[in-house]
Amino acid sequence: MKINNIIFDLGNVMVKWSPESVLPILDKKFERIFLDSDFTLFEDVWEQSDKGDLNELQLIEKISTLAGISLDKAEHALKMLKQSLILNKPMSDLLASLHESGYNLFCLSNISKSFGDYLIDRYEFFNYFTGIVFSYEEKCIKPDLQIYNNLISKFSLSTENTIFIDDKLENIKSAQSLGIKSFHYRDHTVFLNELSNILPSDFIMPE
């Protein structure tokens with residue numbers, strides 16, 4: 001099987017999602033709700049935002065209401081959560097090597113416009129992508145098969161020559177159901193070992 005196309009998720013793959021790192025500087029009400037519920041109170045809100053059903057102002061208003069904090073504090077919380085998305089440099093280095101070797105690289109992410117714009121402005125690795133599909137633009141989110149099919153159709157991909165990398169098992173299963181070989185990304189070293197079994201032996205993995 002010759003691989004031509006590689007699809008990457010963003011959160012916990014290209015960037016590390018670490019909201020707990022900013023909790024100490026957030027409003028205590030926001031912190032308490034976050035810790036008590038593991039963010040489950042906000043799941044519906046994030047999903048609406050990722051689907052493009054809420055703009056940033058509406059998202060701030062929802063956070064304010066759910067956390068019981070002012071709009072200013074909710075806006076600050078959202079800003080801090082964006083800043084908690086830290087570059088996964090080993091994966092960024094891999095992306096650069098794959099790009100240099102001629103692979104077609106794609107991004108498929110559940111993300112709001114606000115967060116998507118923030119990351120594109122901040123990280124240069126987006127320049128390596130042949131194509132980017134964000135959920136807010138598609139009005140659907142992973143693991144819905146529609147968003148995968150949208151990407152496949154938009155860029156005329158052959159599933160047999162494509163692999164997909166994501167940190168969530170349910171998203172992996174959806175890709176696999178379409179015939180896309182997929183990697184459940186949890187540990188970078190383990191992932192590189194798995195990937196090396198698929199890519200040609202002359203591809204040099206970055207250190």
# chains A, B, ... in the order shown; residues from 1 in each chain; ligands from 1

$ residues_around --residues "Lys79 of chain A" --least-positions-apart "4" --cutoff "10 Å" --atoms "only C-alpha atoms" --output "MDAnalysis selection string"
chainID A and resid 73:75 83:84 114:115 118

$ write_last_selection --atoms "C-alpha atoms" --output "JSON list (two decimals), in the first residue's frame"
[["chain", "number", "residue", "atom", "x", "y", "z"],
["A", 73, "LYS", "CA", -14.37, 37.19, 32.81],
["A", 74, "ALA", "CA", -15.87, 34.75, 30.33],
["A", 75, "GLU", "CA", -14.05, 36.52, 27.50],
["A", 83, "GLN", "CA", -3.46, 30.19, 24.79],
["A", 84, "SER", "CA", -3.43, 26.76, 26.43],
["A", 114, "SER", "CA", -12.49, 31.69, 16.71],
["A", 115, "PHE", "CA", -10.08, 28.93, 17.72],
["A", 118, "TYR", "CA", -6.23, 31.86, 16.39]]

$ closest_atom_pairs --of "segment 40-129 of chain A" --to "segment 1-14 of chain A" --cutoff "10 Å" --atoms "only C-alpha atoms" --output "tab-separated table"
residue	atom	partner	partner_atom	distance
A:Leu85	CA	A:Gly11	CA	7.7
A:Ile86	CA	A:Met14	CA	8.7
A:Leu87	CA	A:Met14	CA	6.5
A:Asn88	CA	A:Met14	CA	5.4
A:Lys89	CA	A:Met14	CA	7.9
A:Pro90	CA	A:Met14	CA	8.8
A:Met91	CA	A:Met14	CA	5.9
A:Ser92	CA	A:Met14	CA	6.5
A:Leu95	CA	A:Met14	CA	9.0
A:Leu98	CA	A:Ile6	CA	9.0
A:Gly102	CA	A:Asn4	CA	8.3
A:Tyr103	CA	A:Asn4	CA	5.5
A:Asn104	CA	A:Asn5	CA	4.7
A:Leu105	CA	A:Ile6	CA	5.0
A:Phe106	CA	A:Ile7	CA	4.6
A:Cys107	CA	A:Phe8	CA	4.9
A:Leu108	CA	A:Asp9	CA	5.3
A:Ser109	CA	A:Asp9	CA	5.2
A:Asn110	CA	A:Asp9	CA	8.3
A:Ile111	CA	A:Leu10	CA	8.8
A:Gly116	CA	A:Leu10	CA	9.7
A:Leu119	CA	A:Leu10	CA	9.5
A:Tyr123	CA	A:Met14	CA	9.9
A:Phe125	CA	A:Met14	CA	8.8
A:Phe126	CA	A:Met14	CA	9.9
A:Phe129	CA	A:Ile7	CA	9.1

$ write_last_selection --atoms "C-alpha atoms" --output "PDB file, in the first residue's frame"
ATOM      1  CA  LEU A  85      -3.175  25.185  22.964  1.00  0.00           C
ATOM      2  CA  ILE A  86       0.579  24.624  22.891  1.00  0.00           C
ATOM      3  CA  LEU A  87       2.562  23.396  19.895  1.00  0.00           C
ATOM      4  CA  ASN A  88       3.417  19.684  19.826  1.00  0.00           C
ATOM      5  CA  LYS A  89       6.872  20.300  18.358  1.00  0.00           C
ATOM      6  CA  PRO A  90       7.771  16.650  17.577  1.00  0.00           C
ATOM      7  CA  MET A  91       4.626  16.402  15.467  1.00  0.00           C
ATOM      8  CA  SER A  92       5.337  19.750  13.824  1.00  0.00           C
ATOM      9  CA  LEU A  95       4.865  17.393   9.407  1.00  0.00           C
ATOM     10  CA  LEU A  98       6.574  14.653   5.398  1.00  0.00           C
ATOM     11  CA  GLY A 102       6.223  15.141  -1.081  1.00  0.00           C
ATOM     12  CA  TYR A 103       3.272  13.801   0.876  1.00  0.00           C
ATOM     13  CA  ASN A 104      -0.105  15.510   0.572  1.00  0.00           C
ATOM     14  CA  LEU A 105      -0.967  16.657   4.085  1.00  0.00           C
ATOM     15  CA  PHE A 106      -4.429  17.605   5.295  1.00  0.00           C
ATOM     16  CA  CYS A 107      -5.985  18.932   8.482  1.00  0.00           C
ATOM     17  CA  LEU A 108      -9.370  17.708   9.729  1.00  0.00           C
ATOM     18  CA  SER A 109     -10.458  19.258  12.999  1.00  0.00           C
ATOM     19  CA  ASN A 110     -13.508  19.881  15.143  1.00  0.00           C
ATOM     20  CA  ILE A 111     -12.984  23.553  15.841  1.00  0.00           C
ATOM     21  CA  GLY A 116      -9.252  28.015  14.123  1.00  0.00           C
ATOM     22  CA  LEU A 119      -4.208  28.723  15.624  1.00  0.00           C
ATOM     23  CA  TYR A 123       1.508  28.379  14.068  1.00  0.00           C
ATOM     24  CA  PHE A 125       2.841  24.367  10.397  1.00  0.00           C
ATOM     25  CA  PHE A 126      -0.454  25.201   8.691  1.00  0.00           C
ATOM     26  CA  PHE A 129      -1.175  21.480   4.620  1.00  0.00           C
TER      27      PHE A 129
END

$ select_by_dssp --residues "segment 59-186 of chain A" --states "helix (DSSP H, G or I)" --output "ChimeraX atom specification"
/A:59-67,71-83,89-100,113-122,124-128,135-138,145-154,159-161,169-177

$ write_last_selection --atoms "C-alpha atoms" --output "PDB file, in the first residue's frame"
ATOM      1  CA  LEU A  59     -19.938  31.480  22.968  1.00  0.00           C
ATOM      2  CA  ILE A  60     -18.767  34.040  25.530  1.00  0.00           C
ATOM      3  CA  GLU A  61     -22.366  34.663  26.561  1.00  0.00           C
ATOM      4  CA  LYS A  62     -22.939  30.917  27.014  1.00  0.00           C
ATOM      5  CA  ILE A  63     -19.793  30.543  29.103  1.00  0.00           C
ATOM      6  CA  SER A  64     -20.842  33.516  31.220  1.00  0.00           C
ATOM      7  CA  THR A  65     -24.254  31.993  31.901  1.00  0.00           C
ATOM      8  CA  LEU A  66     -23.041  28.443  32.603  1.00  0.00           C
ATOM      9  CA  ALA A  67     -20.120  29.471  34.801  1.00  0.00           C
ATOM     10  CA  LEU A  71     -18.979  38.605  30.260  1.00  0.00           C
ATOM     11  CA  ASP A  72     -15.541  40.155  30.753  1.00  0.00           C
ATOM     12  CA  LYS A  73     -14.370  37.192  32.811  1.00  0.00           C
ATOM     13  CA  ALA A  74     -15.871  34.752  30.328  1.00  0.00           C
ATOM     14  CA  GLU A  75     -14.048  36.515  27.498  1.00  0.00           C
ATOM     15  CA  HIS A  76     -10.824  36.317  29.476  1.00  0.00           C
ATOM     16  CA  ALA A  77     -11.396  32.610  30.146  1.00  0.00           C
ATOM     17  CA  LEU A  78     -11.849  31.956  26.435  1.00  0.00           C
ATOM     18  CA  LYS A  79      -8.655  33.873  25.653  1.00  0.00           C
ATOM     19  CA  MET A  80      -6.732  31.829  28.202  1.00  0.00           C
ATOM     20  CA  LEU A  81      -8.137  28.562  26.844  1.00  0.00           C
ATOM     21  CA  LYS A  82      -6.897  29.503  23.374  1.00  0.00           C
ATOM     22  CA  GLN A  83      -3.456  30.190  24.788  1.00  0.00           C
ATOM     23  CA  LYS A  89       6.872  20.300  18.358  1.00  0.00           C
ATOM     24  CA  PRO A  90       7.771  16.650  17.577  1.00  0.00           C
ATOM     25  CA  MET A  91       4.626  16.402  15.467  1.00  0.00           C
ATOM     26  CA  SER A  92       5.337  19.750  13.824  1.00  0.00           C
ATOM     27  CA  ASP A  93       8.819  18.492  12.913  1.00  0.00           C
ATOM     28  CA  LEU A  94       7.305  15.332  11.458  1.00  0.00           C
ATOM     29  CA  LEU A  95       4.865  17.393   9.407  1.00  0.00           C
ATOM     30  CA  ALA A  96       7.757  19.392   7.941  1.00  0.00           C
ATOM     31  CA  SER A  97       9.630  16.195   7.023  1.00  0.00           C
ATOM     32  CA  LEU A  98       6.574  14.653   5.398  1.00  0.00           C
ATOM     33  CA  HIS A  99       5.941  17.839   3.434  1.00  0.00           C
ATOM     34  CA  GLU A 100       9.545  17.899   2.233  1.00  0.00           C
ATOM     35  CA  LYS A 113     -13.885  29.817  13.746  1.00  0.00           C
ATOM     36  CA  SER A 114     -12.492  31.694  16.714  1.00  0.00           C
ATOM     37  CA  PHE A 115     -10.083  28.928  17.723  1.00  0.00           C
ATOM     38  CA  GLY A 116      -9.252  28.015  14.123  1.00  0.00           C
ATOM     39  CA  ASP A 117      -8.309  31.584  13.221  1.00  0.00           C
ATOM     40  CA  TYR A 118      -6.230  31.857  16.390  1.00  0.00           C
ATOM     41  CA  LEU A 119      -4.208  28.723  15.624  1.00  0.00           C
ATOM     42  CA  ILE A 120      -3.640  29.573  11.959  1.00  0.00           C
ATOM     43  CA  ASP A 121      -2.320  32.995  12.939  1.00  0.00           C
ATOM     44  CA  ARG A 122      -0.046  31.502  15.607  1.00  0.00           C
ATOM     45  CA  GLU A 124       3.461  28.097  10.834  1.00  0.00           C
ATOM     46  CA  PHE A 125       2.841  24.367  10.397  1.00  0.00           C
ATOM     47  CA  PHE A 126      -0.454  25.201   8.691  1.00  0.00           C
ATOM     48  CA  ASN A 127       1.635  26.177   5.656  1.00  0.00           C
ATOM     49  CA  TYR A 128       2.444  22.492   5.139  1.00  0.00           C
ATOM     50  CA  SER A 135     -15.976  21.577  11.322  1.00  0.00           C
ATOM     51  CA  TYR A 136     -17.472  25.049  11.719  1.00  0.00           C
ATOM     52  CA  GLU A 137     -17.288  25.503   7.951  1.00  0.00           C
ATOM     53  CA  GLU A 138     -18.810  22.086   7.242  1.00  0.00           C
ATOM     54  CA  LEU A 145     -19.053  10.406   8.509  1.00  0.00           C
ATOM     55  CA  GLN A 146     -20.186  13.440   6.543  1.00  0.00           C
ATOM     56  CA  ILE A 147     -17.160  15.527   7.471  1.00  0.00           C
ATOM     57  CA  TYR A 148     -14.773  12.779   6.353  1.00  0.00           C
ATOM     58  CA  ASN A 149     -16.635  12.371   3.092  1.00  0.00           C
ATOM     59  CA  ASN A 150     -16.545  16.131   2.563  1.00  0.00           C
ATOM     60  CA  LEU A 151     -12.761  16.122   2.824  1.00  0.00           C
ATOM     61  CA  ILE A 152     -12.401  13.066   0.574  1.00  0.00           C
ATOM     62  CA  SER A 153     -14.659  14.601  -2.064  1.00  0.00           C
ATOM     63  CA  LYS A 154     -13.201  18.103  -1.868  1.00  0.00           C
ATOM     64  CA  THR A 159      -9.075   6.107   0.838  1.00  0.00           C
ATOM     65  CA  GLU A 160      -6.674   3.257   0.012  1.00  0.00           C
ATOM     66  CA  ASN A 161      -3.778   5.705  -0.225  1.00  0.00           C
ATOM     67  CA  LEU A 169     -10.977   6.521  19.317  1.00  0.00           C
ATOM     68  CA  GLU A 170     -14.501   7.286  18.084  1.00  0.00           C
ATOM     69  CA  ASN A 171     -13.038   9.465  15.328  1.00  0.00           C
ATOM     70  CA  ILE A 172     -10.600   6.712  14.385  1.00  0.00           C
ATOM     71  CA  LYS A 173     -13.434   4.198  14.077  1.00  0.00           C
ATOM     72  CA  SER A 174     -15.371   6.464  11.708  1.00  0.00           C
ATOM     73  CA  ALA A 175     -12.352   6.869   9.431  1.00  0.00           C
ATOM     74  CA  GLN A 176     -11.729   3.141   9.484  1.00  0.00           C
ATOM     75  CA  SER A 177     -15.330   2.453   8.478  1.00  0.00           C
TER      76      SER A 177
END

$ closest_residue --among "A:Trp17, A:Gly131, A:Leu192, A:Ile141" --to "Gly52 of chain A" --atoms "only C-alpha atoms"
A:Ile141

$ atom_distance --atom1 "atom CA of Ile180 of chain A" --atom2 "atom CA of Ile204 of chain A"
23.4 Å

$ atom_distance --atom1 "atom CA of Asp202 of chain A" --atom2 "atom CA of Ser101 of chain A"
10.3 Å

$ closest_residue --among "A:Glu207, A:Asp144, A:Glu56, A:Asp166" --to "Asp187 of chain A" --atoms "only C-alpha atoms"
A:Asp166

$ select_by_dssp --residues "segment 19-158 of chain A" --states "strand (DSSP E or B)" --output "mmCIF file with C-alpha atoms, in the first residue's frame"
data_model
loop_
_atom_site.group_PDB
_atom_site.id
_atom_site.type_symbol
_atom_site.label_atom_id
_atom_site.label_comp_id
_atom_site.auth_asym_id
_atom_site.auth_seq_id
_atom_site.Cartn_x
_atom_site.Cartn_y
_atom_site.Cartn_z
ATOM 1 C CA LEU A 85 -3.175 25.185 22.964
ATOM 2 C CA ILE A 86 0.579 24.624 22.891
ATOM 3 C CA LEU A 87 2.562 23.396 19.895
ATOM 4 C CA ASN A 104 -0.105 15.510 0.572
ATOM 5 C CA LEU A 105 -0.967 16.657 4.085
ATOM 6 C CA PHE A 106 -4.429 17.605 5.295
ATOM 7 C CA CYS A 107 -5.985 18.932 8.482
ATOM 8 C CA LEU A 108 -9.370 17.708 9.729
ATOM 9 C CA SER A 109 -10.458 19.258 12.999
ATOM 10 C CA GLY A 131 -5.985 21.350 2.433
ATOM 11 C CA ILE A 132 -7.776 22.193 5.671
ATOM 12 C CA VAL A 133 -11.291 21.151 6.679
ATOM 13 C CA PHE A 134 -12.697 22.745 9.819
#

$ atom_distance --atom1 "atom CA of Lys139 of chain A" --atom2 "atom CA of Asp50 of chain A"
7.9 Å

$ closest_residue --among "A:Lys181, A:Lys51, A:Arg186, A:Lys142" --to "Ile198 of chain A" --atoms "only C-alpha atoms"
A:Lys181

$ decode --residues "segment 35-145 of chain A" --atoms "C-alpha atoms" --output "short mmCIF file (atom, residue, chain, number, x, y, z; two decimals), in the first residue's frame"
data_model
loop_
_atom_site.label_atom_id
_atom_site.label_comp_id
_atom_site.auth_asym_id
_atom_site.auth_seq_id
_atom_site.Cartn_x
_atom_site.Cartn_y
_atom_site.Cartn_z
CA LEU A 35 -13.03 20.66 37.77
CA ASP A 36 -16.31 19.36 39.18
CA SER A 37 -17.77 18.44 35.79
CA ASP A 38 -14.63 17.71 33.73
CA PHE A 39 -16.09 20.31 31.40
CA THR A 40 -19.23 18.23 30.73
CA LEU A 41 -21.42 21.28 31.40
CA PHE A 42 -19.79 22.93 28.41
CA GLU A 43 -19.84 19.99 26.00
CA ASP A 44 -23.03 21.06 24.24
CA VAL A 45 -21.73 24.61 23.96
CA TRP A 46 -18.42 23.52 22.42
CA GLU A 47 -20.27 21.25 20.01
CA GLN A 48 -22.52 24.11 18.90
CA SER A 49 -19.46 26.32 18.51
CA ASP A 50 -17.53 23.66 16.55
CA LYS A 51 -20.52 23.22 14.24
CA GLY A 52 -20.56 26.94 13.52
CA ASP A 53 -23.89 27.46 15.27
CA LEU A 54 -22.40 29.95 17.76
CA ASN A 55 -20.14 32.87 16.97
CA GLU A 56 -17.50 34.00 19.47
CA LEU A 57 -19.73 36.55 21.19
CA GLN A 58 -22.48 33.97 21.62
CA LEU A 59 -19.94 31.48 22.97
CA ILE A 60 -18.77 34.04 25.53
CA GLU A 61 -22.37 34.66 26.56
CA LYS A 62 -22.94 30.92 27.01
CA ILE A 63 -19.79 30.54 29.10
CA SER A 64 -20.84 33.52 31.22
CA THR A 65 -24.25 31.99 31.90
CA LEU A 66 -23.04 28.44 32.60
CA ALA A 67 -20.12 29.47 34.80
CA GLY A 68 -22.01 32.27 36.54
CA ILE A 69 -19.34 34.84 35.73
CA SER A 70 -19.35 38.22 34.01
CA LEU A 71 -18.98 38.61 30.26
CA ASP A 72 -15.54 40.15 30.75
CA LYS A 73 -14.37 37.19 32.81
CA ALA A 74 -15.87 34.75 30.33
CA GLU A 75 -14.05 36.52 27.50
CA HIS A 76 -10.82 36.32 29.48
CA ALA A 77 -11.40 32.61 30.15
CA LEU A 78 -11.85 31.96 26.43
CA LYS A 79 -8.66 33.87 25.65
CA MET A 80 -6.73 31.83 28.20
CA LEU A 81 -8.14 28.56 26.84
CA LYS A 82 -6.90 29.50 23.37
CA GLN A 83 -3.46 30.19 24.79
CA SER A 84 -3.43 26.76 26.43
CA LEU A 85 -3.18 25.18 22.96
CA ILE A 86 0.58 24.62 22.89
CA LEU A 87 2.56 23.40 19.89
CA ASN A 88 3.42 19.68 19.83
CA LYS A 89 6.87 20.30 18.36
CA PRO A 90 7.77 16.65 17.58
CA MET A 91 4.63 16.40 15.47
CA SER A 92 5.34 19.75 13.82
CA ASP A 93 8.82 18.49 12.91
CA LEU A 94 7.31 15.33 11.46
CA LEU A 95 4.86 17.39 9.41
CA ALA A 96 7.76 19.39 7.94
CA SER A 97 9.63 16.19 7.02
CA LEU A 98 6.57 14.65 5.40
CA HIS A 99 5.94 17.84 3.43
CA GLU A 100 9.54 17.90 2.23
CA SER A 101 9.19 14.27 1.12
CA GLY A 102 6.22 15.14 -1.08
CA TYR A 103 3.27 13.80 0.88
CA ASN A 104 -0.10 15.51 0.57
CA LEU A 105 -0.97 16.66 4.09
CA PHE A 106 -4.43 17.61 5.29
CA CYS A 107 -5.98 18.93 8.48
CA LEU A 108 -9.37 17.71 9.73
CA SER A 109 -10.46 19.26 13.00
CA ASN A 110 -13.51 19.88 15.14
CA ILE A 111 -12.98 23.55 15.84
CA SER A 112 -14.77 26.90 16.00
CA LYS A 113 -13.88 29.82 13.75
CA SER A 114 -12.49 31.69 16.71
CA PHE A 115 -10.08 28.93 17.72
CA GLY A 116 -9.25 28.01 14.12
CA ASP A 117 -8.31 31.58 13.22
CA TYR A 118 -6.23 31.86 16.39
CA LEU A 119 -4.21 28.72 15.62
CA ILE A 120 -3.64 29.57 11.96
CA ASP A 121 -2.32 33.00 12.94
CA ARG A 122 -0.05 31.50 15.61
CA TYR A 123 1.51 28.38 14.07
CA GLU A 124 3.46 28.10 10.83
CA PHE A 125 2.84 24.37 10.40
CA PHE A 126 -0.45 25.20 8.69
CA ASN A 127 1.63 26.18 5.66
CA TYR A 128 2.44 22.49 5.14
CA PHE A 129 -1.18 21.48 4.62
CA THR A 130 -2.47 20.92 1.10
CA GLY A 131 -5.99 21.35 2.43
CA ILE A 132 -7.78 22.19 5.67
CA VAL A 133 -11.29 21.15 6.68
CA PHE A 134 -12.70 22.74 9.82
CA SER A 135 -15.98 21.58 11.32
CA TYR A 136 -17.47 25.05 11.72
CA GLU A 137 -17.29 25.50 7.95
CA GLU A 138 -18.81 22.09 7.24
CA LYS A 139 -21.59 22.41 9.84
CA CYS A 140 -20.81 18.93 11.13
CA ILE A 141 -18.24 17.37 13.44
CA LYS A 142 -16.28 14.17 13.81
CA PRO A 143 -17.18 11.35 14.22
CA ASP A 144 -20.00 12.14 11.77
CA LEU A 145 -19.05 10.41 8.51
#
